[in-house]
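Asker: Let me give you the structure first, and then I'll get to my questions.
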Amino acid sequence: MPARPAPTTGDAGPSRRERRSLLRDPAFLRLWSGTTASGLATWALPFVLGLAVLHGTITAVDLGALLAARTVGFLAAVPVAGVLADRHSRRSVVLWSGLAGAVALPVTALALDRSTPLTALACAVAGAGQGACRPAFQALAAEVVDEAHRQRANAALSLAVRVTALAGPSLTTLAALVLGDRALLLCVGLLWVVAALVPGGGARAGGGGTVPRGRPTRTGLLEEFAEGVREARRHPWFLAGLAALTAVIATGYSATGVALPLVSRDEYGSGAVLAGATTAYTAGALLGALLIARRRPRTQGWAALAGLAAYGFAPLSLMTHVHPIAVMTAYALAGLGIEWFNVPWFTATQREVAPDKLARVSSLDFLLSYGLAPAGLALIAPAIDAFGTGRVLAACAAVCFAAPALAALVPGTRHFSGRATRPSPSGPPTGSPT
């Protein structure tokens with residue numbers, strides 16, 4: 001093990017001066033506001049559509065079709081947006097993706113119980129806006145925030161998402177009693193307006209300089225996305241971490257989405273365990289984001305992968321009839337661990353990847369990790385019918401524990417860096433424009 005370097009702001013947490021500079025940075029606050037608005041809008045659409053089913057506005061079959069259309073739009077837009085965000089201004093991609101969501105939501109509200117095909121088309125456009133903004137925001141954060149502050153910035157963005165998930169259902173349900181489904185959809189559209197218009201442009205890339213925009217000759221979208229894939233392949237730690245993340249989301253997340261409601265109903269006789277575990281997961285994620293904002297583990301990559309492996313406790317807790325508190329504790333650990341992974345993962349990607357390919361590499365991240373989640377959700381219910389709940393949950397837990405452990409064996413994962421020594425929080429980025 002290499003000797004630990006002298007304490008820096010990265011080891012003991014950011015200084016008071018650094019905290020002030022981040023919180024008083026108008027560019028970051030605008031980015032934070034826009035990202036928070038887009039995250040809230042992304043979360044709110046399926047929830048509001050679910051309320052529409054409860055109110056009899058649409059049927060459960062309609063809901064499935066609308067959510068499928070949204071997912072298709074999301075997956076189709078992510079790789080295209082990654083290319084466009086590297087080819088053009090990231091700020092422009094955020095603007096147009098937010099405006100796409102803002103236009104789609106009023107159409108969804110008007111067509112909700114009148115035309116399912118039109119509503120599905122609007123949901124697909126909204127999903128495209130959601131997918132397009134993800135890699136653009138990720139790359140824009142690297143331009144707006146310098147490297148020394150980036151981990152805290154990513155933690156602050158994650159905190160906003162988690163607070164939204166914790167408070168959103170109650171606030172939305174209360175608003176539905178006053179406004180109704182269509183008015184709620186219009187409010188979601190206004191959130192997309194905020195996401196589109198509030199963030200400003202970035203002047204930095206990787207802590208200094210600007211990302212080159214113009215190219216003498218431009219190749220097609222497919223070839224430019226392939227350049228992003230080649231950039232990702234230059235970082236073995238990234239491929240290993242992405243494979244582990246994808247495996248955990250496709251199994252552990254599926255256990256949360258499908259098996260947890262079944263176990264809560266069949267083993268515990270109510271939805272209390274479902275509600276408690278979901279709340280505990282979000283609370284754990286909040287705590288995880290707070291902790292990782294202030295601490296830099298000595299071997300940050302391995303610590304992040306250990307946090308990712310903690311998701312295995314979630315399916316493990318559902319295998320036998322344990323006390324509900326044990327289930328909630330397991331989900332709190334899973335939530336804490338996922339943020340202990342997410343924040344260093346995003347920060348390392350912003351630091352290590354060549355700035356002019358960052359959006360494309362980020363789009364590959366979202367495309368695989370989130371894109372394969374629906375496949376896991378679709379397969380786990382038939383697997384439970386075929387093999388039984390216990391065996392499927394055991395397999396999910398095994399994957400969640402094993403995938404990060406295997407990833408930790410890949411060179412570079414110790415610090416999420418291609419460099420042999422631990423990267424300095426304030427040092428220059430490894431990637432350089434090509």
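Identifiers in this document derive from the order of the structure tokens: chains are assigned A, B, ..., residues are numbered from 1 separately in each chain, and ligands are numbered from 1 in order of occurrence.
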Tell me, as a VMD selection string, which residues lie within 12 Å of region 289-292 of chain A, counting only C-alpha atoms; anything in the same chain fewer than 4 positions away does not count.

Answerer: chain A and resid 10 to 14 150 to 163 282 to 285 296 to 297 300 303 to 304 307 335 to 345 347

Asker: Write out as a PyMOL selection string the residues lying within 9 Å of Leu372 (chain A), counting only C-alpha atoms and excluding same-chain residues fewer than 6 positions away.

Answerer: chain A and resi 246-247+249-250

Asker: Check which residues of region 169-280 of chain A sit at most 8 Å from region 69-83 of chain A using only C-alpha atoms, and return one row each with the closest pair of atoms and their distance in Å to one decimal, ordered by chain and rising number, as a tab-separated table.

Answerer:
```
residue	atom	partner	partner_atom	distance
A:Leu221	CA	A:Val83	CA	6.5
A:Glu224	CA	A:Val83	CA	6.3
A:Phe225	CA	A:Val83	CA	5.9
```

Asker: Using only C-alpha atoms, find the one residue out of A:Gln138, A:Ser89, A:Thr42, A:Thr35 that sits nearest to Phe366 (chain A).

Answerer: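 Closest to Phe366 (chain A) of all the choices is A:Gln138.
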
Asker: Identify which of the residues A:Ala383, A:Ala176, A:Ala408, A:Leu118 lies closest to Thr299 (chain A), counting only C-alpha atoms when measuring atom-to-atom distances.

Answerer: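 Using only C-alpha atoms, Thr299 (chain A) sits closest to A:Ala408.
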
Asker: List as a count of residues only the protein and nucleic acid residues near Trp192 (chain A), meaning an atom at most 8 Å away when only C-alpha atoms are counted, but skip any in the same chain fewer than 4 places from it.

Answerer: 9

Asker: Pick out the residues sitting within 10 Å of Gly390 (chain A), and hand them over as a list of chain:residue names; count only C-alpha atoms, and ignore anything fewer than 2 positions along from it in its own chain.

Answerer: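 Once the adjacent positions are removed, what remains is A:Ala259, A:Pro315, A:Leu316, A:Leu318, A:Met319, A:Thr320, A:Ile384, A:Phe387, A:Gly388, A:Val392, A:Leu393, A:Ala394, A:Ala395, A:Cys396.
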
Asker: Just the residues within 7 Å of region 180-186 of chain A, please, counting only C-alpha atoms, with nothing from its chain fewer than 3 positions along; format it as a list in words.

Answerer: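 Here the answer would be Val48, Ala52, Leu105, Pro106, Ala109, Ala176, Leu177, Gly189 and Leu190 of chain A.
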
Asker: Which parts of region 208-319 of chain A does DSSP call helix (DSSP H, G or I) when run on the backbone here, written out as number ranges by chain?

Answerer: A: 221-233, 236-266, 272-294, 300-317

Asker: Which residue out of A:Gly131, A:Gly312, A:Gly50, A:Gly418 has the minimum interatomic distance to Thr172 (chain A) when only C-alpha atoms are used?

Answerer: A:Gly50

Asker: Would you kindly return, as number ranges by chain, each protein, DNA or RNA residue with an atom no farther than 6 Å from any atom of Arg30 (chain A), considering only C-alpha atoms and excluding same-chain residues fewer than 2 positions away?

Answerer: A: 27-28, 32-33, 198-199

Asker: Would you mind telling me which residue in A:Val361, A:Leu49, A:Gly56, A:Leu67 lies nearest to Ala226 (chain A) when using only C-alpha atoms?

Answerer: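 Smallest distance to Ala226 (chain A) is found for A:Val361.
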
Asker: If we count only C-alpha atoms and set the cut-off at 8 Å, which residues sit around Ile380 (chain A), ignoring sequence neighbours fewer than 5 positions away in its own chain? Please answer as JSON, numbers by chain.

Answerer: {"A": [254, 255, 258, 392]}

Asker: So how many Å separate CA of Ala111 (chain A) and CA of Ala128 (chain A), to one decimal?

Answerer: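 Rounded to one decimal, the two atoms are 18.4 Å apart.
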